[in-house]
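Q: The following file, target-v8.txt, comprises compact mmCIF, C-alpha atoms:
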```txt
# COMPACT_ATOMS: atom_id res chain seq x y z
CA MET K 1 -21.01 15.01 -80.30
CA HIS K 2 -21.65 11.57 -81.70
CA ASP K 3 -23.15 11.26 -85.16
CA LEU K 4 -26.53 9.61 -84.53
CA THR K 5 -27.56 9.40 -88.17
CA ASN K 6 -27.10 5.65 -88.47
CA VAL K 7 -28.18 4.72 -84.94
CA PRO K 8 -31.32 2.51 -84.95
CA VAL K 9 -34.51 4.32 -83.98
CA GLU K 10 -37.30 3.00 -81.76
CA VAL K 11 -40.62 4.84 -81.75
CA LYS K 12 -42.72 4.70 -78.56
CA PRO K 13 -45.96 6.71 -78.90
CA ASP K 14 -47.04 8.82 -75.93
CA ARG K 15 -49.84 7.06 -74.05
CA THR K 16 -49.09 8.36 -70.55
CA VAL K 17 -50.90 10.75 -68.24
CA ARG K 18 -48.89 12.35 -65.43
CA VAL K 19 -50.84 12.81 -62.19
CA LYS K 20 -49.73 15.18 -59.43
CA ILE K 21 -51.02 13.26 -56.43
CA ILE K 22 -49.52 15.36 -53.62
CA ASP K 23 -47.73 18.68 -53.20
CA ALA K 24 -45.76 17.91 -50.03
CA CYS K 25 -42.02 17.28 -50.33
CA GLY K 26 -39.16 17.03 -47.86
CA MET K 27 -36.71 18.70 -50.24
CA ALA K 28 -36.49 22.10 -51.90
CA CYS K 29 -34.48 21.59 -55.08
CA ASN K 30 -33.57 24.83 -56.79
CA PHE K 31 -34.43 23.50 -60.29
CA CYS K 32 -37.89 22.07 -59.45
CA HIS K 33 -40.88 23.05 -61.57
CA ASN K 34 -43.34 21.37 -59.13
CA GLU K 35 -45.42 20.25 -62.12
CA GLY K 36 -46.11 23.93 -62.80
CA THR K 37 -48.18 24.58 -59.68
CA PRO K 38 -47.45 26.93 -56.78
CA VAL K 39 -46.37 25.29 -53.53
CA ALA K 40 -49.56 24.68 -51.56
CA ALA K 41 -48.04 24.27 -48.10
CA SER K 42 -47.96 27.39 -45.96
CA GLY K 43 -44.82 28.47 -44.12
CA ASN K 44 -41.22 28.94 -45.15
CA SER K 45 -40.51 25.60 -46.81
CA GLY K 46 -38.03 27.06 -49.26
CA ARG K 47 -39.85 25.23 -52.08
CA VAL K 48 -40.84 27.08 -55.23
CA SER K 49 -41.63 26.32 -58.86
CA ILE K 50 -39.08 27.81 -61.24
CA TYR K 51 -42.01 28.98 -63.41
CA LEU K 52 -44.11 30.47 -60.62
CA ARG K 53 -43.78 34.10 -61.73
CA THR K 54 -44.65 33.51 -65.36
CA ASN K 55 -46.94 30.50 -65.74
CA GLY K 56 -50.23 32.11 -64.70
CA SER K 57 -51.39 29.28 -62.45
CA SER K 58 -54.84 30.02 -61.05
CA PHE K 59 -55.16 27.21 -58.50
CA LEU K 60 -53.34 25.54 -55.64
CA PRO K 61 -52.84 21.77 -55.92
CA ALA K 62 -54.75 19.49 -53.57
CA ARG K 63 -53.82 15.97 -52.52
CA ILE K 64 -55.68 13.44 -54.66
CA ALA K 65 -57.59 10.88 -52.63
CA ALA K 66 -57.75 7.21 -53.59
CA ASP K 67 -61.50 7.27 -54.07
CA SER K 68 -64.22 6.95 -56.67
CA ASP K 69 -63.70 10.56 -57.78
CA PHE K 70 -60.15 9.74 -58.81
CA ALA K 71 -61.22 6.51 -60.49
CA LEU K 72 -63.83 8.39 -62.51
CA ALA K 73 -61.36 11.14 -63.41
CA LEU K 74 -58.74 8.67 -64.59
CA ALA K 75 -61.35 6.75 -66.57
CA ALA K 76 -62.49 10.01 -68.20
CA VAL K 77 -58.93 10.80 -69.30
CA ARG K 78 -58.49 7.28 -70.64
CA GLY K 79 -61.81 7.53 -72.46
CA SER K 80 -60.92 10.81 -74.16
CA LEU K 81 -57.27 9.98 -74.98
CA PRO K 82 -55.83 6.50 -75.52
CA THR K 83 -53.90 5.88 -72.29
CA THR K 84 -51.83 2.88 -71.21
CA GLU K 85 -49.83 4.30 -68.30
CA VAL K 86 -50.27 6.65 -65.37
CA HIS K 87 -47.20 8.28 -63.87
CA PHE K 88 -47.54 9.68 -60.35
CA THR K 89 -45.64 12.83 -59.44
CA GLY K 90 -45.71 15.52 -56.77
CA GLY K 91 -44.24 16.97 -54.69
CA GLU K 92 -43.02 13.64 -53.42
CA PRO K 93 -45.50 10.86 -54.23
CA THR K 94 -44.13 8.41 -51.63
CA LEU K 95 -45.39 10.82 -48.95
CA HIS K 96 -48.98 10.19 -50.05
CA PRO K 97 -50.81 8.41 -47.19
CA ASP K 98 -52.52 5.95 -49.56
CA LEU K 99 -50.17 5.43 -52.47
CA PRO K 100 -51.12 1.73 -52.76
CA GLY K 101 -54.78 2.73 -53.04
CA LEU K 102 -54.05 5.06 -55.96
CA ILE K 103 -52.01 2.34 -57.67
CA THR K 104 -54.83 -0.17 -57.19
CA ILE K 105 -57.31 2.17 -58.87
CA ALA K 106 -55.03 2.68 -61.87
CA ARG K 107 -54.31 -1.04 -62.19
CA ARG K 108 -58.04 -1.86 -62.10
CA LEU K 109 -58.39 0.43 -65.11
CA GLY K 110 -55.76 -1.61 -66.92
CA LEU K 111 -53.00 0.98 -66.63
CA THR K 112 -49.31 0.46 -65.95
CA VAL K 113 -48.13 2.59 -63.02
CA GLY K 114 -44.84 4.43 -62.53
CA LEU K 115 -43.76 7.28 -60.31
CA THR K 116 -40.98 9.84 -59.91
CA SER K 117 -39.47 10.13 -56.43
CA ASN K 118 -36.52 11.63 -54.57
CA GLY K 119 -36.35 8.44 -52.48
CA GLU K 120 -36.94 10.06 -49.10
CA ASN K 121 -39.74 7.70 -48.05
CA GLY K 122 -39.58 4.77 -50.44
CA ALA K 123 -38.36 2.10 -48.04
CA ALA K 124 -41.50 2.57 -45.93
CA VAL K 125 -44.08 2.41 -48.72
CA LEU K 126 -42.63 0.50 -51.68
CA PRO K 127 -43.37 -3.01 -50.39
CA ALA K 128 -47.10 -2.22 -50.27
CA ALA K 129 -46.86 -0.24 -53.52
CA ALA K 130 -45.26 -3.21 -55.25
CA ALA K 131 -48.01 -5.50 -53.96
CA ALA K 132 -50.57 -3.09 -55.40
CA GLY K 133 -48.92 -3.25 -58.81
CA LEU K 134 -46.29 -0.48 -59.05
CA ASP K 135 -44.20 -1.22 -62.14
CA ARG K 136 -41.33 1.27 -61.98
CA ILE K 137 -39.85 4.16 -60.08
CA ASN K 138 -37.71 6.99 -61.44
CA LEU K 139 -35.46 8.22 -58.66
CA SER K 140 -34.13 11.77 -58.78
CA VAL K 141 -30.50 11.53 -57.65
CA PHE K 142 -28.64 14.74 -56.84
CA GLY K 143 -25.29 13.58 -55.54
CA THR K 144 -23.23 11.01 -53.68
CA THR K 145 -22.19 13.23 -50.77
CA PRO K 146 -24.15 15.42 -48.32
CA ALA K 147 -22.39 18.49 -49.69
CA GLU K 148 -23.52 17.73 -53.26
CA LEU K 149 -27.13 17.25 -52.20
CA ALA K 150 -27.14 20.34 -49.98
CA ALA K 151 -25.78 22.44 -52.85
CA VAL K 152 -29.00 22.09 -54.87
CA GLN K 153 -31.37 22.81 -51.97
CA ALA K 154 -32.94 26.07 -50.84
CA PRO K 155 -30.95 27.69 -47.99
CA ARG K 156 -33.32 26.48 -45.29
CA LEU K 157 -32.67 22.85 -46.26
CA ALA K 158 -29.01 23.16 -47.22
CA SER K 159 -27.91 21.18 -44.16
CA PRO K 160 -25.21 18.50 -44.53
CA LYS K 161 -26.79 16.47 -41.69
CA LEU K 162 -30.21 16.53 -43.34
CA ALA K 163 -28.62 15.69 -46.69
CA GLU K 164 -26.86 12.72 -45.14
CA ARG K 165 -30.20 11.36 -43.90
CA LYS K 166 -31.77 11.90 -47.34
CA LEU K 167 -28.94 10.01 -49.06
CA ALA K 168 -29.32 7.10 -46.64
CA ALA K 169 -33.07 7.09 -47.36
CA LEU K 170 -32.35 7.00 -51.10
CA ASP K 171 -30.12 3.94 -50.69
CA ALA K 172 -32.84 2.23 -48.66
CA THR K 173 -35.40 3.07 -51.35
CA ILE K 174 -33.24 1.48 -54.05
CA GLU K 175 -32.84 -1.65 -51.95
CA ALA K 176 -36.57 -1.87 -51.24
CA ALA K 177 -37.53 -1.35 -54.88
CA THR K 178 -35.13 -3.95 -56.26
CA ALA K 179 -36.08 -6.44 -53.52
CA HIS K 180 -39.76 -6.19 -54.50
CA GLY K 181 -39.33 -6.39 -58.26
CA ILE K 182 -39.89 -2.72 -59.09
CA LYS K 183 -37.87 -1.46 -62.06
CA VAL K 184 -35.58 1.38 -60.93
CA SER K 185 -33.90 4.19 -62.83
CA ALA K 186 -31.79 7.03 -61.48
CA ASN K 187 -32.49 10.45 -63.03
CA ILE K 188 -29.65 12.97 -62.85
CA VAL K 189 -30.11 16.63 -63.77
CA ILE K 190 -26.88 18.16 -65.08
CA PRO K 191 -27.05 21.98 -65.34
CA ASP K 192 -23.53 22.77 -66.64
CA SER K 193 -19.88 21.70 -66.75
CA ASN K 194 -19.45 22.37 -63.03
CA HIS K 195 -21.58 19.27 -62.41
CA VAL K 196 -19.72 16.80 -64.64
CA GLU K 197 -17.66 15.30 -61.82
CA ARG K 198 -20.75 14.96 -59.63
CA VAL K 199 -22.58 13.08 -62.36
CA LEU K 200 -19.62 10.80 -62.98
CA ARG K 201 -19.58 9.89 -59.28
CA ILE K 202 -23.31 9.11 -59.36
CA VAL K 203 -22.87 6.90 -62.43
CA GLU K 204 -20.06 5.04 -60.68
CA ARG K 205 -21.97 4.59 -57.43
CA HIS K 206 -25.44 3.71 -58.69
CA GLY K 207 -24.88 2.63 -62.30
CA ARG K 208 -24.22 -1.00 -61.41
CA SER K 209 -27.55 -1.55 -59.66
CA VAL K 210 -29.99 0.76 -61.50
CA VAL K 211 -30.40 2.26 -64.97
CA VAL K 212 -28.93 5.78 -65.03
CA ARG K 213 -30.56 8.54 -67.08
CA MET K 214 -29.05 12.01 -67.52
CA LEU K 215 -31.54 14.88 -67.81
CA VAL K 216 -30.82 18.35 -69.09
CA SER K 217 -31.81 21.20 -66.79
CA LEU K 218 -34.79 23.04 -68.25
CA ALA K 219 -33.33 26.41 -67.31
CA ASP K 220 -29.79 25.81 -68.61
CA GLY K 221 -30.25 24.64 -72.21
CA GLY K 222 -27.04 24.54 -74.21
CA ALA K 223 -24.71 24.56 -71.20
CA SER K 224 -26.51 21.51 -69.87
CA LEU K 225 -26.28 19.65 -73.18
CA ALA K 226 -22.56 20.41 -73.42
CA ALA K 227 -21.99 19.07 -69.91
CA MET K 228 -23.92 15.93 -70.75
CA GLN K 229 -21.76 15.37 -73.81
CA ALA K 230 -18.66 15.79 -71.63
CA VAL K 231 -19.89 12.94 -69.42
CA ILE K 232 -20.54 10.74 -72.46
CA ASP K 233 -17.08 11.45 -73.87
CA HIS K 234 -15.35 10.85 -70.54
CA LEU K 235 -17.05 7.48 -70.13
CA GLY K 236 -16.38 6.41 -73.70
CA ALA K 237 -20.09 5.72 -74.17
CA VAL K 238 -21.28 4.51 -77.58
CA PRO K 239 -24.79 5.31 -78.86
CA ILE K 240 -26.75 2.17 -79.72
CA ARG K 241 -30.38 3.33 -80.00
CA ARG K 242 -32.48 6.47 -80.30
CA ILE K 243 -35.90 6.32 -78.65
CA ILE K 244 -38.49 8.86 -79.76
CA THR K 245 -41.88 9.57 -78.20
CA PRO K 246 -44.19 10.82 -80.96
CA GLY K 247 -46.94 12.98 -79.54
CA ALA K 248 -44.67 14.52 -76.91
CA SER K 249 -41.30 16.26 -76.74
CA ASP K 250 -39.48 13.43 -74.95
CA GLN K 251 -36.62 11.65 -76.65
CA ARG K 252 -33.56 9.78 -75.42
CA VAL K 253 -30.42 8.09 -76.62
CA ARG K 254 -29.31 4.78 -75.18
CA TYR K 255 -25.55 4.41 -74.76
CA ARG K 256 -23.42 1.40 -73.96
CA LEU K 257 -20.45 1.89 -71.64
CA PRO K 258 -17.19 0.00 -72.21
CA ASP K 259 -18.03 -2.37 -69.33
CA GLY K 260 -21.43 -3.19 -70.83
CA ARG K 261 -23.58 -1.00 -68.60
CA THR K 262 -26.33 1.19 -70.05
CA LEU K 263 -26.60 4.97 -69.83
CA TYR K 264 -29.46 7.10 -71.18
CA ALA K 265 -29.37 10.75 -72.18
CA LYS K 266 -32.80 12.36 -72.41
CA SER K 267 -33.61 15.46 -74.42
CA ILE K 268 -36.35 17.73 -75.66
CA ARG K 269 -37.55 17.65 -79.26
CA PRO K 270 -38.88 21.01 -80.47
CA VAL K 271 -42.51 19.86 -80.30
CA ARG K 272 -45.49 22.22 -80.22
CA LEU K 273 -49.24 21.66 -80.34
CA PRO K 274 -50.26 23.16 -83.70
CA GLU K 275 -53.12 25.32 -82.41
CA THR K 276 -52.59 25.80 -78.67
CA CYS K 277 -48.92 26.71 -79.00
CA ALA K 278 -49.16 28.80 -82.17
CA ASP K 279 -49.63 32.20 -80.51
CA CYS K 280 -47.87 31.43 -77.21
CA ARG K 281 -45.42 34.08 -76.02
CA PHE K 282 -42.93 31.30 -75.24
CA ASN K 283 -43.12 29.77 -78.72
CA ASN K 284 -39.53 30.39 -79.73
CA PRO K 285 -36.29 28.39 -79.36
CA ASP K 286 -35.13 30.31 -76.29
CA ASP K 287 -38.22 30.58 -74.10
CA CYS K 288 -40.06 27.27 -74.67
CA GLN K 289 -38.07 24.95 -72.46
CA GLU K 290 -40.19 21.80 -72.28
CA GLY K 291 -42.23 21.90 -75.47
CA TYR K 292 -45.40 19.83 -75.44
CA TYR K 293 -44.55 17.00 -73.02
CA GLY K 294 -47.98 15.41 -72.64
CA VAL K 295 -51.10 15.83 -70.49
CA ARG K 296 -51.04 16.30 -66.72
CA LEU K 297 -53.88 15.73 -64.26
CA TYR K 298 -54.23 17.80 -61.09
CA ARG K 299 -56.82 18.32 -58.36
CA ALA K 300 -57.48 21.96 -57.56
CA GLU K 301 -57.73 22.81 -53.88
CA GLY K 302 -61.44 23.05 -53.12
CA GLY K 303 -62.24 22.49 -56.78
CA PRO K 304 -62.33 20.09 -59.72
CA PHE K 305 -59.76 17.92 -61.39
CA MET K 306 -57.74 19.99 -63.86
CA VAL K 307 -55.90 19.01 -67.05
CA GLY K 308 -52.79 20.87 -68.17
CA VAL K 309 -50.59 20.69 -71.24
CA CYS K 310 -47.68 22.95 -70.23
CA VAL K 311 -45.85 23.72 -66.96
CA GLN K 312 -44.87 27.12 -68.37
CA ARG K 313 -48.49 27.98 -69.25
CA MET K 314 -50.66 26.83 -66.37
CA ASP K 315 -53.24 29.37 -67.54
CA LEU K 316 -54.00 26.82 -70.27
CA CYS K 317 -55.37 24.36 -67.70
CA LEU K 318 -58.99 23.32 -68.12
CA SER K 319 -61.28 21.51 -65.74
CA LEU K 320 -61.50 17.83 -66.60
CA GLY K 321 -65.08 18.21 -67.76
CA GLU K 322 -64.14 21.09 -70.05
CA PHE K 323 -61.07 19.29 -71.37
CA VAL K 324 -62.74 16.06 -72.49
CA MET K 325 -65.30 18.10 -74.47
CA SER K 326 -62.81 20.61 -75.84
CA GLN K 327 -61.05 21.20 -79.13
CA ARG K 328 -57.77 20.97 -77.17
CA CYS K 329 -58.46 17.35 -76.30
CA ARG K 330 -59.13 16.59 -79.97
CA GLU K 331 -56.02 18.54 -80.90
CA VAL K 332 -53.87 16.42 -78.56
CA ALA K 333 -55.37 13.18 -79.90
CA ASN K 334 -54.90 14.24 -83.53
CA PHE K 335 -51.38 15.45 -82.84
CA ARG K 336 -50.42 12.10 -81.34
CA ASP K 337 -51.78 10.23 -84.36
CA ASP K 338 -50.19 12.64 -86.82
CA GLU K 339 -46.72 12.27 -85.29
CA VAL K 340 -46.95 8.48 -85.23
CA ALA K 341 -47.85 8.57 -88.92
CA ARG K 342 -44.78 10.60 -89.83
CA PRO K 343 -41.78 8.71 -88.39
CA THR K 344 -39.32 10.05 -90.98
CA ARG K 345 -39.78 13.61 -89.80
CA LEU K 346 -39.53 12.50 -86.18
CA HIS K 347 -36.26 10.71 -86.81
CA SER K 348 -34.72 13.83 -88.31
CA THR K 349 -35.36 15.78 -85.09
CA ALA K 350 -33.76 13.24 -82.74
CA THR K 351 -30.24 14.64 -82.82
CA ALA K 352 -29.52 16.05 -79.36
CA THR K 353 -28.58 14.43 -76.07
CA GLY K 354 -30.11 15.67 -72.82
CA GLU K 355 -33.65 15.99 -71.28
CA SER K 356 -36.52 17.97 -69.94
CA HIS K 357 -37.10 17.55 -66.21
CA PRO K 358 -36.78 15.09 -63.37
CA GLY K 359 -39.66 12.88 -64.60
```
As structure tokens, how would this structure be written, given the file I've shared?
A:
Amino acid sequence: MHDLTNVPVEVKPDRTVRVKIIDACGMACNFCHNEGTPVAASGNSGRVSIYLRTNGSSFLPARIAADSDFALALAAVRGSLPTTEVHFTGGEPTLHPDLPGLITIARRLGLTVGLTSNGENGAAVLPAAAAAGLDRINLSVFGTTPAELAAVQAPRLASPKLAERKLAALDATIEAATAHGIKVSANIVIPDSNHVERVLRIVERHGRSVVVRMLVSLADGGASLAAMQAVIDHLGAVPIRRIITPGASDQRVRYRLPDGRTLYAKSIRPVRLPETCADCRFNNPDDCQEGYYGVRLYRAEGGPFMVGVCVQRMDLCLSLGEFVMSQRCREVANFRDDEVARPTRLHSTATATGESHPG
């Protein structure tokens, strides 16, 4: 593994709220955490959150409408925690029937807007999303062949023909995004050494048109990090910058390839909220897979907006009204400020390559 001691460090404080705007998705990836929530759709979709049995979620996620309720909720989050960006997730956010409306609301509040997508519907909606102010899209890329994509799907969706259509849709999404000025990155989850060749093919195919980011699989830990390092070594990549997000567990290393292209490797810092995480049953190096990654906004089916701080502990979710008045909200704000004020300690933790989740 490269020695990162003398690599320049860039500190980017966490000022993002992730918003699960829809639960629907046309894929059923076997590593998906579904933002911690159970799958709301009835029937045998094959979709499941990897944390469903242990996270204690007490609500089903509802689709968030582009209305005054959402505007007020987003404004309340921004008012209680300094926020500069909203990041839409799902499910698959490009399946939302009014994605441009949601983007417009966020932009009117002065927020930058990004989203994470598998690319299955982007060509149809990204032109209007770009016009509304979408800044960037993180595309989850699973392979370059139908067989590679099918291999990470639940059995019901492990069809080469379906995978071929999804790959074609992904290519069309990339074309639409770049044509309309949306910044594009390709996120690649790499569970273990069996996936090294797949990742190398993705880097070769997409790395000339979009920024490629490798992400460690939450469930595979050390094996995932080792596989990521194998990709870096094979490509002859040289680390040129460490980027740390104080106030959240996200960190990444920017590499330069011999041909000048850029490759990112994202990882988890061992970050915990000092009070909320102190007595958590997952608070150990083996069981806490994401650490504190930031705040997430949900809409409960038939209920209020909810705020969560951990996809492994959905029982920690509070209604938005409770959260903005709570000690947890103050804890998050103070934690952000405290980490920004102690960059030396942050730099000493930024030593691994890899990442949290497709986000």
Q: From the set K:Arg281, K:Arg156, K:Arg165, K:His87, which residue has the shortest atom-to-atom contact distance to Asn121 in chain K, counting only C-alpha atoms?
A: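 Looking only at the distances to Asn121 in chain K, the closest residue turns out to be K:Arg165.
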Q: Neighbours of Pro82 in chain K within 12 Å (only C-alpha atoms; same-chain residues fewer than 5 positions away dropped), as a ChimeraX atom specification?
A: /K:13-17,74-77,110-111,247,295,329-330,332-334,336-337
Q: Just give me the gap between CA of Gly26 in chain K and CA of Glu92 in chain K in Å, one decimal is fine.
A: 7.6 Å
Q: Looking at K:Glu301, K:Glu35, K:Asp98, K:Glu339, which one is nearest to Arg313 in chain K, with distances taken over all atoms listed in the file?
A: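 Selected residue with least distance to Arg313 in chain K: K:Glu35.
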Q: Which of these, K:Tyr255, K:Asp250, K:Ala168, K:Met314, has the shortest distance to Tyr293 in chain K once you count only C-alpha atoms?
A: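 Among K:Tyr255, K:Asp250, K:Ala168, K:Met314, it is K:Asp250 that comes nearest to Tyr293 in chain K.
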Q: Determine, for each residue of range 45-117 of chain K having at least one atom at most 8 Å from an atom of range 130-147 of chain K, the closest pair of atoms and their separation in Å to one decimal, counting all atoms listed in the file; order by chain and ascending number, as CSV.
A:
```
residue,atom,partner,partner_atom,distance
K:Pro100,CA,K:Ala132,CA,5.5
K:Gly101,CA,K:Ala132,CA,7.6
K:Ile103,CA,K:Ala132,CA,6.1
K:Thr104,CA,K:Ala132,CA,5.5
K:Arg107,CA,K:Gly133,CA,6.7
K:Thr112,CA,K:Asp135,CA,6.6
K:Val113,CA,K:Leu134,CA,5.3
K:Gly114,CA,K:Arg136,CA,4.8
K:Leu115,CA,K:Ile137,CA,5.0
K:Thr116,CA,K:Asn138,CA,4.6
K:Ser117,CA,K:Leu139,CA,5.0
```
Q: Could you give me, as a list in words, the residues within 6 Å of range 230-246 of chain K, counting only C-alpha atoms and dropping anything in the same chain fewer than 2 positions from it?
A: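 In the requested format, the answer is Val7, Pro8, Val9, Glu10, Val11, Lys12, Pro13, Asp14, Ala227, Met228, Ala248, Asp250, Gln251, Arg252, Val253, Arg254, Tyr255, Arg256, Leu257, Glu339 and Val340 of chain K.
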Q: What is the CA of Ala66 in chain K-CA of Leu102 in chain K distance in Å, reported with one decimal?
A: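 Here the two named atoms are 4.9 Å from each other.
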Q: Using all atoms listed in the file and a cutoff of 10 Å, can you tell me which residues are near (-19.7, 14.3, -59.9) in the file's coordinates, and write them out as a CSV table (one decimal) with C-alpha atoms, in the coordinates of the input?
A:
```
chain,number,residue,atom,x,y,z
K,142,PHE,CA,-28.6,14.7,-56.8
K,143,GLY,CA,-25.3,13.6,-55.5
K,144,THR,CA,-23.2,11.0,-53.7
K,145,THR,CA,-22.2,13.2,-50.8
K,148,GLU,CA,-23.5,17.7,-53.3
K,190,ILE,CA,-26.9,18.2,-65.1
K,194,ASN,CA,-19.4,22.4,-63.0
K,195,HIS,CA,-21.6,19.3,-62.4
K,196,VAL,CA,-19.7,16.8,-64.6
K,197,GLU,CA,-17.7,15.3,-61.8
K,198,ARG,CA,-20.8,15.0,-59.6
K,199,VAL,CA,-22.6,13.1,-62.4
K,200,LEU,CA,-19.6,10.8,-63.0
K,201,ARG,CA,-19.6,9.9,-59.3
K,202,ILE,CA,-23.3,9.1,-59.4
K,203,VAL,CA,-22.9,6.9,-62.4
K,204,GLU,CA,-20.1,5.0,-60.7
K,231,VAL,CA,-19.9,12.9,-69.4
```
Q: Just the number, please: distance in Å from CA of Ser224 in chain K to CA of Leu149 in chain K, one decimal.
A: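 Answer for the CA of Ser224 in chain K to CA of Leu149 in chain K separation: 18.2 Å.
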Q: Write out as a PyMOL selection string each polymer residue whose atoms come within 12 Å of Ile22 in chain K, counting all atoms listed in the file; drop sequence neighbours fewer than 6 positions from it.
A: chain K and resi 34-35+37+39-41+60-66+88-99+102+115-117+297-301
Q: Using the structure just given, write a file holding C-alpha atoms for range 274-312 of chain K, as an mmCIF file, in the first residue's frame.
A:
```cif
data_model
loop_
_atom_site.group_PDB
_atom_site.id
_atom_site.type_symbol
_atom_site.label_atom_id
_atom_site.label_comp_id
_atom_site.auth_asym_id
_atom_site.auth_seq_id
_atom_site.Cartn_x
_atom_site.Cartn_y
_atom_site.Cartn_z
ATOM 1 C CA PRO K 274 -19.399 11.002 20.888
ATOM 2 C CA GLU K 275 -22.719 10.520 22.699
ATOM 3 C CA THR K 276 -25.061 8.696 20.314
ATOM 4 C CA CYS K 277 -22.512 6.059 19.345
ATOM 5 C CA ALA K 278 -20.914 5.568 22.756
ATOM 6 C CA ASP K 279 -23.116 2.692 23.946
ATOM 7 C CA CYS K 280 -24.045 1.282 20.523
ATOM 8 C CA ARG K 281 -23.756 -2.491 20.183
ATOM 9 C CA PHE K 282 -22.004 -1.973 16.838
ATOM 10 C CA ASN K 283 -19.386 0.389 18.256
ATOM 11 C CA ASN K 284 -16.354 -1.767 17.586
ATOM 12 C CA PRO K 285 -13.963 -2.136 14.623
ATOM 13 C CA ASP K 286 -15.719 -5.212 13.237
ATOM 14 C CA ASP K 287 -19.422 -4.380 13.442
ATOM 15 C CA CYS K 288 -19.582 -0.634 12.701
ATOM 16 C CA GLN K 289 -19.261 -0.631 8.945
ATOM 17 C CA GLU K 290 -20.176 2.926 7.935
ATOM 18 C CA GLY K 291 -19.364 4.964 11.020
ATOM 19 C CA TYR K 292 -21.121 8.311 11.259
ATOM 20 C CA TYR K 293 -21.626 9.275 7.599
ATOM 21 C CA GLY K 294 -23.900 12.295 8.016
ATOM 22 C CA VAL K 295 -27.624 13.036 8.346
ATOM 23 C CA ARG K 296 -30.311 11.471 6.167
ATOM 24 C CA LEU K 297 -33.847 12.726 5.572
ATOM 25 C CA TYR K 298 -36.736 10.333 4.928
ATOM 26 C CA ARG K 299 -40.515 10.525 4.700
ATOM 27 C CA ALA K 300 -42.307 7.838 6.669
ATOM 28 C CA GLU K 301 -45.222 6.172 4.919
ATOM 29 C CA GLY K 302 -48.346 7.820 6.322
ATOM 30 C CA GLY K 303 -46.217 9.823 8.732
ATOM 31 C CA PRO K 304 -43.729 12.641 9.239
ATOM 32 C CA PHE K 305 -40.335 13.407 7.806
ATOM 33 C CA MET K 306 -37.669 11.457 9.690
ATOM 34 C CA VAL K 307 -33.984 12.171 10.296
ATOM 35 C CA GLY K 308 -31.467 9.359 10.670
ATOM 36 C CA VAL K 309 -27.777 9.231 11.507
ATOM 37 C CA CYS K 310 -26.968 5.556 10.836
ATOM 38 C CA VAL K 311 -28.162 2.935 8.317
ATOM 39 C CA GLN K 312 -27.235 0.204 10.802
#
```
